[in-house]
Every structure is written in structure tokens, then in C-alpha cells.
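Shown below: query-v1.txt, with compact mmCIF, C-alpha atoms and all ligand atoms.
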# COMPACT_ATOMS: atom_id res chain seq x y z
CA MET A 1 82.43 107.93 105.82
CA CYS A 2 85.91 106.57 106.51
CA ALA A 3 86.64 104.71 109.72
CA ASP A 4 89.47 107.08 110.56
CA TYR A 5 87.05 110.01 110.61
CA ALA A 6 84.73 108.27 113.00
CA ARG A 7 87.54 107.01 115.22
CA ASP A 8 89.85 109.96 115.57
CA LYS A 9 87.94 112.66 117.38
CA LYS A 10 91.11 114.73 117.87
CA THR A 11 91.48 115.32 114.15
CA THR A 12 88.84 117.61 112.73
CA LYS A 13 87.89 116.61 109.22
CA LYS A 14 85.01 117.12 106.90
CA ALA A 15 84.11 113.94 105.09
CA VAL A 16 82.52 114.10 101.67
CA ALA A 17 81.36 111.07 99.74
CA GLY A 18 83.10 111.17 96.35
CA ARG A 19 81.36 110.22 93.11
CA SER A 20 83.20 106.91 93.13
CA GLY A 21 81.89 106.13 96.59
CA ARG A 22 85.28 106.84 98.09
CA CYS A 23 85.34 109.05 101.13
CA VAL A 24 87.40 112.18 100.53
CA CYS A 25 88.44 113.74 103.85
CA TYR A 26 89.62 117.31 104.00
CA ILE A 27 92.12 117.69 106.82
CA ILE A 28 91.24 121.01 108.40
CA GLU A 29 93.19 121.03 111.65
CA LYS A 30 96.34 119.43 112.93
CA GLY A 31 96.00 115.88 114.12
CA VAL A 32 98.01 112.73 114.64
CA MET A 33 98.15 110.92 111.31
CA VAL A 34 99.11 107.32 110.84
CA LEU A 35 99.94 105.86 107.44
CA ARG A 36 97.06 103.48 106.73
CA ARG A 37 97.19 100.71 104.14
CA ASP A 38 93.61 101.46 103.06
CA ALA A 39 94.23 105.13 102.30
CA ILE A 40 95.79 107.40 99.71
CA TYR A 41 97.27 110.67 100.90
CA VAL A 42 97.22 113.66 98.55
CA VAL A 43 99.47 116.73 98.77
CA TYR A 44 98.88 119.61 96.36
CA GLY A 45 101.58 122.05 95.30
CA GLU A 46 104.34 122.79 92.82
CA ASP A 47 107.48 121.92 94.80
CA PRO A 48 107.79 118.11 94.98
CA GLN A 49 110.77 118.22 97.35
CA ALA A 50 108.91 120.26 99.97
CA MET A 51 105.66 118.33 99.38
CA VAL A 52 107.08 114.85 99.97
CA PHE A 53 109.06 115.97 103.01
CA PHE A 54 105.92 117.58 104.48
CA ALA A 55 103.84 114.44 103.83
CA LEU A 56 106.31 111.97 105.32
CA ARG A 57 106.72 114.10 108.44
CA LYS A 58 102.98 114.49 108.77
CA LEU A 59 102.48 110.73 108.39
CA HIS A 60 105.38 109.87 110.72
CA LEU A 61 106.75 107.30 108.30
CA ALA A 62 108.98 105.07 110.42
CA ILE A 63 111.82 103.21 108.71
CA ASP A 64 114.31 101.05 110.56
CA PRO A 65 117.67 102.82 110.07
CA SER A 66 119.38 99.47 109.51
CA TRP A 67 117.24 98.62 106.47
CA ARG A 68 118.50 98.64 102.91
CA VAL A 69 116.13 101.00 101.14
CA GLY A 70 115.60 100.86 97.38
CA ILE A 71 114.12 103.76 95.41
CA LYS A 72 112.62 102.99 92.00
CA PRO A 73 111.86 106.15 89.97
CA ASN A 74 110.28 106.10 86.53
CA LEU A 75 113.01 106.89 84.00
CA VAL A 76 111.52 105.09 81.02
CA VAL A 77 113.39 107.45 78.68
CA ALA A 78 116.14 110.05 78.97
CA LYS A 79 113.91 113.10 79.36
CA PRO A 80 113.39 115.67 82.13
CA ALA A 81 110.30 115.54 84.34
CA THR A 82 108.87 118.57 82.52
CA SER A 83 108.28 116.29 79.50
CA GLY A 84 105.60 114.42 81.47
CA ALA A 85 107.55 111.15 81.24
CA THR A 86 109.86 110.90 84.25
CA THR A 87 110.02 111.31 88.03
CA SER A 88 110.99 114.75 89.31
CA PRO A 89 114.46 114.84 90.91
CA GLY A 90 112.90 117.01 93.63
CA LEU A 91 110.65 114.11 94.68
CA VAL A 92 113.70 111.88 95.14
CA ALA A 93 115.56 114.64 97.00
CA GLY A 94 112.71 115.28 99.46
CA LEU A 95 112.32 111.56 100.13
CA VAL A 96 116.05 111.04 100.71
CA GLN A 97 116.23 114.09 102.97
CA TYR A 98 113.52 112.55 105.14
CA LEU A 99 115.10 109.08 105.14
CA GLN A 100 118.51 110.44 106.09
CA GLU A 101 116.91 112.49 108.86
CA GLN A 102 115.51 109.16 110.16
CA GLY A 103 119.05 107.77 110.21
CA VAL A 104 118.67 105.55 107.11
CA ARG A 105 122.08 105.32 105.45
CA ASP A 106 121.83 102.45 102.95
CA ILE A 107 119.82 103.94 100.09
CA THR A 108 120.02 102.80 96.47
CA ILE A 109 118.30 104.38 93.48
CA MET A 110 117.76 101.63 90.91
CA GLU A 111 116.31 101.63 87.42
CA SER A 112 116.40 99.90 84.08
CA SER A 113 114.95 102.25 81.46
CA GLY A 114 112.60 101.14 78.67
CA LEU A 115 113.55 98.71 75.93
CA GLY A 116 116.53 100.01 73.99
CA GLN A 117 116.88 103.07 76.26
CA ASP A 118 120.10 104.14 78.00
CA THR A 119 119.53 104.20 81.78
CA LYS A 120 122.75 106.10 82.55
CA LYS A 121 121.72 108.83 80.15
CA ALA A 122 118.26 108.89 81.77
CA PHE A 123 119.88 109.33 85.23
CA ARG A 124 121.86 112.27 83.88
CA VAL A 125 119.14 114.00 81.83
CA SER A 126 116.46 113.63 84.51
CA GLY A 127 118.66 115.28 87.17
CA ILE A 128 118.54 112.19 89.40
CA GLU A 129 122.29 111.59 88.98
CA GLU A 130 122.85 115.02 90.51
CA VAL A 131 120.57 114.13 93.49
CA ALA A 132 122.51 110.87 94.03
CA ARG A 133 125.79 112.78 94.05
CA LYS A 134 124.52 115.44 96.44
CA TYR A 135 123.12 112.96 98.99
CA ARG A 136 125.85 110.31 98.44
CA LEU A 137 123.49 107.57 97.28
CA ARG A 138 124.20 104.41 95.31
CA LEU A 139 122.90 104.81 91.78
CA VAL A 140 122.48 101.50 89.96
CA ASP A 141 121.80 101.00 86.26
CA LEU A 142 120.21 97.56 86.51
CA LYS A 143 120.76 96.69 82.85
CA GLY A 144 123.43 94.00 82.68
CA THR A 145 123.33 93.23 86.42
CA PRO A 146 122.48 89.66 87.59
CA ALA A 147 118.85 88.55 87.57
CA GLN A 148 117.15 85.70 89.38
CA LYS A 149 114.45 83.34 88.11
CA MET A 150 111.28 83.61 90.19
CA ASN A 151 108.79 80.76 90.25
CA GLY A 152 105.79 82.07 92.12
CA PRO A 153 102.27 80.77 91.48
CA HIS A 154 101.50 83.85 89.39
CA TYR A 155 104.90 84.85 88.04
CA HIS A 156 107.57 82.84 86.29
CA GLY A 157 110.38 85.06 85.11
CA GLN A 158 113.55 86.97 85.85
CA VAL A 159 113.85 89.80 88.38
CA PHE A 160 117.04 91.78 89.04
CA GLN A 161 118.79 90.49 92.17
CA GLU A 162 119.47 94.05 93.30
CA ALA A 163 115.72 94.62 93.63
CA LEU A 164 115.29 91.38 95.60
CA SER A 165 118.11 92.22 98.00
CA ILE A 166 116.57 95.31 99.60
CA ASP A 167 114.44 95.47 102.77
CA TYR A 168 112.10 98.31 101.78
CA LEU A 169 111.09 99.31 98.26
CA ILE A 170 109.86 102.84 97.60
CA ASN A 171 108.19 103.09 94.21
CA LEU A 172 108.16 106.58 92.62
CA PRO A 173 106.05 106.32 89.46
CA VAL A 174 104.62 109.18 87.39
CA VAL A 175 100.85 109.74 87.07
CA LYS A 176 100.42 109.51 83.30
CA ALA A 177 98.45 107.98 80.49
CA HIS A 178 99.73 105.09 78.39
CA CYS A 179 99.08 104.27 74.75
CA GLN A 180 98.49 100.52 75.38
CA THR A 181 97.31 100.14 78.97
CA ASN A 182 95.49 103.53 79.25
CA ILE A 183 97.37 104.51 82.41
CA THR A 184 100.74 103.68 83.90
CA CYS A 185 101.60 104.25 87.54
CA ALA A 186 102.57 102.13 90.56
CA LEU A 187 101.95 98.55 89.37
CA LYS A 188 103.49 99.00 85.95
CA ASN A 189 106.52 100.93 87.20
CA LEU A 190 107.99 97.71 88.62
CA LYS A 191 108.65 96.64 85.04
CA GLY A 192 111.88 98.63 85.41
CA LEU A 193 113.12 95.94 87.84
CA ILE A 194 113.21 93.15 85.24
CA PRO A 195 115.64 92.60 82.34
CA ASP A 196 114.81 93.71 78.79
CA SER A 197 114.21 90.08 77.73
CA GLU A 198 111.38 89.90 80.30
CA LYS A 199 110.01 93.26 79.18
CA ARG A 200 109.74 91.82 75.64
CA ARG A 201 107.92 88.79 77.02
CA PHE A 202 105.51 91.08 78.92
CA HIS A 203 104.64 92.88 75.68
CA SER A 204 104.15 89.59 73.81
CA GLN A 205 101.70 88.53 76.57
CA GLY A 206 99.68 91.75 76.40
CA LEU A 207 101.18 93.38 79.52
CA HIS A 208 98.22 93.09 81.91
CA ARG A 209 98.61 89.58 83.34
CA PRO A 210 102.42 89.70 83.67
CA ILE A 211 102.29 93.16 85.32
CA ALA A 212 99.82 91.87 87.91
CA GLY A 213 101.93 88.73 88.42
CA LEU A 214 105.17 90.67 88.83
CA ASN A 215 103.61 92.58 91.73
CA THR A 216 103.06 89.29 93.58
CA VAL A 217 106.82 88.63 93.76
CA LEU A 218 108.00 92.23 94.11
CA LYS A 219 106.25 94.28 96.77
CA SER A 220 106.09 98.09 96.78
CA ASP A 221 106.29 98.96 100.48
CA LEU A 222 105.50 102.59 99.80
CA VAL A 223 104.36 104.37 96.63
CA ILE A 224 104.89 108.09 96.16
CA ALA A 225 103.40 108.98 92.80
CA ASP A 226 104.60 112.09 91.00
CA GLY A 227 101.50 113.87 89.76
CA ILE A 228 103.14 117.25 89.26
CA MET A 229 103.42 116.79 85.50
CA GLY A 230 102.20 113.68 83.70
CA ASP A 231 101.55 112.92 80.08
CA LEU A 232 98.17 113.10 78.38
CA THR A 233 98.50 110.02 76.18
CA PHE A 234 101.97 108.49 76.11
CA GLU A 235 104.37 107.09 78.71
CA GLU A 236 107.37 108.60 76.94
CA GLY A 237 106.05 112.15 77.38
CA GLY A 238 105.67 114.92 74.84
CA THR A 239 102.23 116.23 75.84
CA PRO A 240 102.72 117.12 79.51
CA VAL A 241 99.76 118.22 81.62
CA ARG A 242 100.20 119.90 84.99
CA MET A 243 98.33 118.12 87.79
CA ASP A 244 100.29 119.67 90.71
CA ARG A 245 99.93 116.93 93.31
CA ILE A 246 101.71 113.93 94.76
CA LEU A 247 99.99 110.78 96.05
CA LEU A 248 101.27 108.52 98.82
CA ALA A 249 99.99 105.01 99.52
CA GLN A 250 101.13 101.63 100.75
CA ASP A 251 98.78 99.80 98.41
CA PRO A 252 99.72 100.06 94.69
CA VAL A 253 96.33 98.64 93.61
CA LEU A 254 94.43 101.30 95.52
CA LEU A 255 96.72 104.00 94.19
CA ASP A 256 96.40 102.89 90.56
CA ALA A 257 92.60 102.67 90.85
CA TYR A 258 92.54 106.27 92.06
CA VAL A 259 94.96 107.39 89.32
CA ALA A 260 92.65 105.82 86.72
CA GLU A 261 89.86 108.04 88.04
CA LEU A 262 92.12 111.12 88.07
CA LEU A 263 92.98 110.55 84.41
CA GLY A 264 89.40 109.96 83.32
CA TYR A 265 89.16 106.14 83.24
CA GLN A 266 87.16 103.50 85.05
CA THR A 267 89.18 100.86 86.90
CA GLU A 268 87.83 98.23 84.48
CA GLU A 269 89.52 100.01 81.57
CA ILE A 270 92.93 99.04 83.03
CA PRO A 271 92.64 95.25 83.40
CA TYR A 272 95.89 94.78 85.34
CA ILE A 273 94.44 96.69 88.32
CA ARG A 274 91.62 94.18 88.85
CA LEU A 275 93.96 91.28 88.07
CA ALA A 276 96.40 92.47 90.75
CA GLU A 277 93.49 92.80 93.19
CA GLU A 278 92.39 89.23 92.43
CA LEU A 279 95.94 88.00 93.03
CA GLY A 280 95.95 89.61 96.49
CA VAL A 281 98.36 92.46 95.74
CA GLY A 282 95.98 95.02 97.21
CA SER A 283 92.46 96.39 97.14
CA THR A 284 90.73 98.97 94.98
CA GLN A 285 88.68 100.10 98.01
CA GLY A 286 89.94 102.80 100.35
CA ASP A 287 89.84 106.42 101.39
CA VAL A 288 91.45 109.50 99.88
CA LEU A 289 92.85 111.92 102.46
CA GLU A 290 94.05 115.38 101.53
CA LEU A 291 96.96 116.59 103.65
CA ASN A 292 96.76 120.20 102.44
CA ARG A 293 94.71 122.44 100.20
CA ASP A 294 97.38 124.38 98.28
CA LEU A 295 95.38 124.65 95.08
CA GLY A 296 97.49 127.23 93.29
CA VAL A 297 96.10 129.14 90.35
CA ALA A 298 98.06 128.01 87.32
CA LYS A 299 100.51 130.66 86.16
CA GLU A 300 100.38 129.27 82.66
CA PHE A 301 99.10 126.17 80.92
CA GLN A 302 100.93 123.95 78.48
CA ARG A 303 99.94 125.21 75.10
CA ASP A 304 101.06 122.59 72.66
CA ARG A 305 98.89 122.08 69.60
CA LYS A 306 97.04 119.05 70.95
CA VAL A 307 96.08 120.68 74.25
CA ALA A 308 95.17 123.93 72.47
CA ARG A 309 92.80 122.01 70.16
CA LEU A 310 91.22 120.15 73.07
CA THR A 311 90.60 123.35 75.03
CA GLU A 312 89.26 125.51 72.18
CA LYS A 313 85.86 125.81 73.90
CA VAL A 314 87.27 126.39 77.39
CA GLU A 315 87.07 129.76 79.12
CA ALA A 316 89.53 129.59 82.01
CA HIS A 317 89.82 132.44 84.48
CA ALA A 318 92.07 131.90 87.49
CA ALA A 319 91.71 128.13 87.19
CA CYS A 320 93.79 125.96 89.51
CA SER A 321 96.18 123.68 87.66
CA VAL A 322 94.71 120.64 89.49
CA CYS A 323 91.29 121.49 88.04
CA TYR A 324 92.45 122.48 84.58
CA GLY A 325 94.66 119.39 84.30
CA ALA A 326 91.66 117.17 85.12
CA LEU A 327 89.60 118.93 82.43
CA VAL A 328 92.33 118.46 79.80
CA HIS A 329 92.53 114.72 80.57
CA ALA A 330 88.73 114.44 80.48
CA LEU A 331 88.51 116.21 77.11
CA GLU A 332 91.14 113.87 75.65
CA ARG A 333 89.27 110.78 76.92
CA LEU A 334 86.04 112.14 75.36
CA ARG A 335 87.78 112.96 72.06
CA ALA A 336 89.17 109.42 71.93
CA SER A 337 85.66 107.99 72.41
CA GLY A 338 84.18 110.26 69.72
CA VAL A 339 82.23 112.65 71.98
CA LYS A 340 82.10 116.26 70.73
CA ILE A 341 81.40 119.17 73.12
CA SER A 342 79.95 122.25 71.45
CA ALA A 343 78.88 124.41 74.44
CA PRO A 344 81.37 126.76 76.09
CA ILE A 345 83.06 125.33 79.19
CA HIS A 346 83.81 127.60 82.16
CA ILE A 347 86.45 126.85 84.76
CA GLY A 348 88.26 128.90 87.39
CA GLN A 349 87.94 130.89 90.58
CA GLU A 350 86.76 134.06 88.82
CA PHE A 351 83.47 132.31 88.00
CA GLN A 352 82.56 132.03 91.68
CA GLY A 353 79.11 133.52 92.24
CA GLN A 354 78.43 133.92 88.48
CA THR A 355 75.38 132.38 86.88
CA GLY A 356 74.51 131.76 83.24
CA ALA A 357 74.01 129.27 80.48
CA GLY A 358 76.74 126.82 79.59
CA ILE A 359 78.92 124.26 81.29
CA GLY A 360 80.72 124.86 84.59
CA ILE A 361 83.60 122.70 85.84
CA GLY A 362 84.35 122.51 89.56
CA ARG A 363 82.76 124.11 92.59
CA CYS A 364 83.77 127.63 91.48
CA ALA A 365 81.63 127.38 88.33
CA ASP A 366 78.57 125.74 89.91
CA GLY A 367 76.38 128.73 88.96
CA PHE A 368 76.23 127.61 85.33
CA SER A 369 73.13 125.84 84.13
CA ARG A 370 74.99 122.54 83.73
CA HIS A 371 77.89 121.89 86.08
CA VAL A 372 79.97 119.23 87.75
CA GLY A 373 81.05 119.88 91.33
CA GLY A 374 84.20 118.96 93.20
CA CYS A 375 87.23 120.95 94.21
CA PRO A 376 89.10 119.72 92.31
CA PRO A 377 86.88 117.32 90.33
CA SER A 378 88.50 114.18 88.95
CA ALA A 379 88.76 113.73 85.19
CA ARG A 380 86.47 110.69 85.54
CA ALA A 381 83.74 112.82 87.14
CA ILE A 382 84.07 115.36 84.31
CA VAL A 383 83.95 112.61 81.66
CA GLU A 384 80.76 111.10 83.15
CA PHE A 385 79.13 114.52 83.41
CA LEU A 386 80.02 115.61 79.87
CA GLN A 387 78.95 112.25 78.43
CA ARG A 388 75.52 112.82 79.91
S1 LIG A 401 86.84 124.29 91.84
FE1 LIG A 401 87.84 126.31 91.86
S2 LIG A 401 89.17 126.36 93.70
FE2 LIG A 401 88.57 124.21 93.28
S3 LIG A 401 90.24 123.41 92.08
FE3 LIG A 401 88.71 124.13 90.63
S4 LIG A 401 89.29 126.26 90.14
FE4 LIG A 401 90.42 125.65 91.97
Would you mind writing the file out in C-alpha cells?
Amino acid sequence: MCADYARDKKTTKKAVAGRSGRCVCYIIEKGVMVLRRDAIYVVYGEDPQAMVFFALRKLHLAIDPSWRVGIKPNLVVAKPATSGATTSPGLVAGLVQYLQEQGVRDITIMESSGLGQDTKKAFRVSGIEEVARKYRLRLVDLKGTPAQKMNGPHYHGQVFQEALSIDYLINLPVVKAHCQTNITCALKNLKGLIPDSEKRRFHSQGLHRPIAGLNTVLKSDLVIADGIMGDLTFEEGGTPVRMDRILLAQDPVLLDAYVAELLGYQTEEIPYIRLAEELGVGSTQGDVLELNRDLGVAKEFQRDRKVARLTEKVEAHAACSVCYGALVHALERLRASGVKISAPIHIGQEFQGQTGAGIGIGRCADGFSRHVGGCPPSARAIVEFLQR
């Protein structure tokens, strides 16, 4: 049980021990919330602008109005957020709305897209240029701007001066899988704050150690991860999967460890998470707190060929997108490790109260002879269950 639950008698919560040992607290009534370093806050929904504004108000995020605030989205390529690759412009808009309401005036959106990619085009195509214009923000393409050599005990390399000059860094990664590192989220997103020559060096060194080291010289003060639409396998998008949630945390290590679980991995399968923990960037241990329960039934699912093949055996009836998205990620992780599922898989609210033979996913389908609970379950929980 989390300490917050025991301490704060004014806030009524139901605490449930998650499969990972993390305490998942369902916020049932209004209460005074304080942003804790050892917690991840989850908001479900489809409108990132409203979701982030709601969360920041609920958590009373306090920012000194005199600070220079830097916002680092993930614009690895020039694609819209619906591709599964980039940060939703709505997430940036909701964040800026809140900051400006707090009186913060000096806000810069900064990015250097992936190797060989055009950042200005990515600003335009993603819709973030439009947000910057609307809210009168500085929009900086870091490519070609001055960089500074850092000589920390765990990082020797260049970092853009612009990123070093701000007082408060808000990291807005996307919750998605990655073809080399399995996942990419908060820790890896800071790679957009170093020049292309450094990015090449990172790749030549296998990514994990330099990513962990970079996070010792550049600190994410707040992470707001875009889990509305992330990619199934590739950081440049193309196979988007709806997950319909955003995650807020101060600790990028904690957040990435949780994202690994959401996408069907164990923390150990993403070595840079443990490395960053060992270097003192953060901790993999903490609580997950849900700020709402807007688990909308998915209006439609992405039906590209890959997802259609993965879900051939799935019978979905009024399934929430958060649940279905977790199942799709789990099925991909199992396919990649050579596990074949032959029994029909049931998922969705219309299975509530039904019993029968077969596999049930989530609390709604717990009447089936073999089932995994959770509402929503994580992809990791589904992977472990289906492997058994
Ligand atoms: S268990 Fe049921 S209500 Fe919960 S997320 Fe899954 S489909 Fe939705």
C-alpha cells in the first residue's frame, strides 16, 4: 500500500497491489493532491489538451512565473501524432494553457529531430508550429545552434546550449516501442537535445549507456508522456496503437519502468532504465495513481495488416481502447518471442457476467475459464498470463 494512501485520510482511495508489486490507487473522491517524486499519475481519455490541463490543476503544479521553461516534444520525424511517432499538439497546448494561467511567460519549445530529419518540417507537419503561433511561444529548431561540451562523471559530450539555459525542462515523450531499445519514452527523448554528431556516437556505443549518462547532465523536471497513440514496434510510427492515456511524473526512470510494463516488457529488457537508476537519475520503485477513470469504449481500432493479423483470434465487444491497446502490444511481444496462441481471446465490457471456455482479458472477461484480471491490465500482465 502506498504511503500517500495511509497518510491522507481526507482522500478516499482504494489501493490494489499490482502484479508488479506497485500499488495502483484508484482516486474515488476529491482530495488534495501533491505531485510526488515517487509516483506516476495516469489520466485516461481521448483529448490530450483537456487531460493535461485537468491533471496539472488537480496536482497543483507550481512553477515560478519568472522561470524560463523549456518544452521538449518528441518530433523524431515529420509525421502527425496519429502515426504513433510524435507528440500530440493538443498535449503541448494544454500544458501551455496551464503555464500561462500560472503567469509563466518565457516558454520555449525546442527540438532537434532524428538523424537526417528536418525539424522545421516536423514542427509544421505535427501541428506544433500552429500551437506556438497561437500561444506566442518561441519555437527553436536546435539543429545548427551552439552546443556545449559537458564533462560529467558519466557523460562526456555535446549538449545544445539552449537546453542548458532553461530553468525548468518539461519532457513530452511518446509511449511507444523501439526497434533497437524495445521502448522509447522519457529517458531516450532527451536525445533530441544533442547535436546529430552526438546522436551518431550514441548509436555507435549501443545507445543504452550514453542515454543513461545524458540524463545525469540534463534533468527532466517534469515528464508528461503522450500515451494517446504510440507505435507497436518502431519509433518512427506506421503501426499506431491507441492507448488513450497520458502519464505524468517527475522521475523519468520510474516513468520509463512503468511504460515498459505497459508495452509488455520487463524493466531488464531495456538496459538504459537500470543504468539510469544506478547513476542516480531516479528510481524504478513508486506508486501509480489514477486521476480519473474515463475508460472509453473504442469507437474503432486501427486495422492495418499487422494489427489485423495479430488480433485474428480476438473477439472484442465494447472493449476499451486502453484494454485493447494493451492486448495488441502483448500479442506483438508474444509473436516476437515465438509464442503462438490458438484459443479464442475475449475482451470487452459485453463479456461482463458471461462464463465459458477460452481466454478472457481484463476484469470484464473474468468469467472465462482462463483469464487475466485488471482494469485495464498492462501488456506485461497479459504477456505473463498468456506465456503460462
Ligand atoms: S476490463 Fe473492461 S472496463 Fe476495464 S478496461 Fe478492460 S474492457 Fe474496459
Check: ligand LIG 401 (chain A): which residues are within 9 Å, counting all atoms listed in the file, as a PyMOL selection string?
Finding: chain A and resi 295-297+316-324+347-352+361-366+373-377
Margin query: Can you tell me which residues surround region 169-180 of chain A at a distance of at most 8 Å, considering all atoms listed in the file, apart from same-chain residues fewer than 5 positions away, and format the answer as number ranges by chain?
Written below: A: 69-74, 84-87, 185-186, 189-190, 219-227, 229-235, 259, 263
Just write the chosen residues, C-alpha atoms, as a short mmCIF file (atom, residue, chain, number, x, y, z; two decimals), keeping the file's coordinate frame.
data_model
loop_
_atom_site.label_atom_id
_atom_site.label_comp_id
_atom_site.auth_asym_id
_atom_site.auth_seq_id
_atom_site.Cartn_x
_atom_site.Cartn_y
_atom_site.Cartn_z
CA VAL A 69 116.13 101.00 101.14
CA GLY A 70 115.60 100.86 97.38
CA ILE A 71 114.12 103.76 95.41
CA LYS A 72 112.62 102.99 92.00
CA PRO A 73 111.86 106.15 89.97
CA ASN A 74 110.28 106.10 86.53
CA GLY A 84 105.60 114.42 81.47
CA ALA A 85 107.55 111.15 81.24
CA THR A 86 109.86 110.90 84.25
CA THR A 87 110.02 111.31 88.03
CA CYS A 185 101.60 104.25 87.54
CA ALA A 186 102.57 102.13 90.56
CA ASN A 189 106.52 100.93 87.20
CA LEU A 190 107.99 97.71 88.62
CA LYS A 219 106.25 94.28 96.77
CA SER A 220 106.09 98.09 96.78
CA ASP A 221 106.29 98.96 100.48
CA LEU A 222 105.50 102.59 99.80
CA VAL A 223 104.36 104.37 96.63
CA ILE A 224 104.89 108.09 96.16
CA ALA A 225 103.40 108.98 92.80
CA ASP A 226 104.60 112.09 91.00
CA GLY A 227 101.50 113.87 89.76
CA MET A 229 103.42 116.79 85.50
CA GLY A 230 102.20 113.68 83.70
CA ASP A 231 101.55 112.92 80.08
CA LEU A 232 98.17 113.10 78.38
CA THR A 233 98.50 110.02 76.18
CA PHE A 234 101.97 108.49 76.11
CA GLU A 235 104.37 107.09 78.71
CA VAL A 259 94.96 107.39 89.32
CA LEU A 263 92.98 110.55 84.41
#
Tell me which protein, DNA and RNA residues are within 8 Å of region 117-129 of chain A, counting all atoms listed in the file, leaving out same-chain ones fewer than 5 positions away, and put them as a CSV table (one decimal) with C-alpha atoms, in the frame of the given file.
chain,number,residue,atom,x,y,z
A,75,LEU,CA,113.0,106.9,84.0
A,76,VAL,CA,111.5,105.1,81.0
A,77,VAL,CA,113.4,107.4,78.7
A,78,ALA,CA,116.1,110.0,79.0
A,79,LYS,CA,113.9,113.1,79.4
A,80,PRO,CA,113.4,115.7,82.1
A,81,ALA,CA,110.3,115.5,84.3
A,86,THR,CA,109.9,110.9,84.2
A,87,THR,CA,110.0,111.3,88.0
A,88,SER,CA,111.0,114.8,89.3
A,89,PRO,CA,114.5,114.8,90.9
A,92,VAL,CA,113.7,111.9,95.1
A,111,GLU,CA,116.3,101.6,87.4
A,112,SER,CA,116.4,99.9,84.1
A,139,LEU,CA,122.9,104.8,91.8
A,141,ASP,CA,121.8,101.0,86.3
A,143,LYS,CA,120.8,96.7,82.8
Next item on the list: Quick one: pull the distance between CA of Val288 (chain A) and CA of Arg380 (chain A), Å, one decimal.
Entry: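 Separating CA of Val288 (chain A) from CA of Arg380 (chain A) is a distance of 15.2 Å.
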Notebook entry, point to check: Pick the closest to Met110 (chain A) from A:Ile194, A:Val314, A:Ile40, A:Ala62: which is it, counting only C-alpha atoms?
Noted result: A:Ile194
Margin query: To one decimal place in Å, what is the distance between CA of His329 (chain A) and CA of Lys313 (chain A)?
Written below: 14.6 Å
Neighbours of Arg305 (chain A) within 12 Å (all atoms listed in the file; same-chain residues fewer than 6 positions away dropped), as a tab-separated table (two decimals) with C-alpha atoms, in the coordinates of the input?
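What ended up in part.tsv:
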chain	number	residue	atom	x	y	z
A	238	GLY	CA	105.67	114.92	74.84
A	239	THR	CA	102.23	116.23	75.84
A	240	PRO	CA	102.72	117.12	79.51
A	311	THR	CA	90.60	123.35	75.03
A	312	GLU	CA	89.26	125.51	72.18
Next item on the list: Rank A:Gly90, A:Arg68, A:Gln205, A:Gln97 by their smallest atom-to-atom distance to Ala163 (chain A), using all atoms listed in the file, and report the top residue only.
Entry: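 With all atoms listed in the file as the atom set, the closest residue is A:Arg68.
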Next item on the list: Please provide the set of residues having any atom within 7 Å of region 196-199 of chain A, restricted to only C-alpha atoms, with same-chain residues fewer than 4 positions apart removed, written as a ChimeraX atom specification.
Entry: /A:115,157-158,191,203
Note to self: Counting only C-alpha atoms, which residues have an atom no more than 9 Å from (91.5, 116.7, 78.1) in the file's coordinates? Please list them as number ranges by chain.
What the structure shows: A: 232, 263-264, 307, 310-311, 324-335, 379
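Counting from CA of Ala55 (chain A), the distance to CA of Leu193 (chain A) is 26.2 Å.
The protein and nucleic acid residues lying at most 9 Å from region 48-54 of chain A are Val43, Tyr44, Gly45, Glu46, Leu56, Arg57, Lys58, Leu59, Ser88, Pro89, Gly90, Leu91, Val92, Ala93, Gly94, Leu95, Val96, Gln97, Tyr98, Ile224, Asp226, Ile228, Asp244, Arg245, Ile246 and Leu248 of chain A, with only C-alpha atoms considered and sequence neighbours fewer than 2 positions away removed.
Of the listed residues (A:Arg136, A:Ala357, A:Ser113, A:Ser283), A:Arg136 comes nearest to Gln100 (chain A); the distances count only C-alpha atoms.
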Next item on the list: Find the residues with any atom within 7 Å of (101.9, 82.9, 91.3); use all atoms listed in the file and the coordinates as given in the file, and write the answer as a count of residues only.
Entry: 6
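Nearest-residue note for Ile359 (chain A): choosing from A:Ala260, A:His60, A:Phe385, A:Lys340, the minimum distance belongs to A:Phe385, counting all atoms listed in the file.
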Checklist line | From A:Thr108, A:His156, A:Trp67, A:Leu275, residue lying nearest Leu142 (chain A) [all atoms listed in the file] | finding: A:Thr108
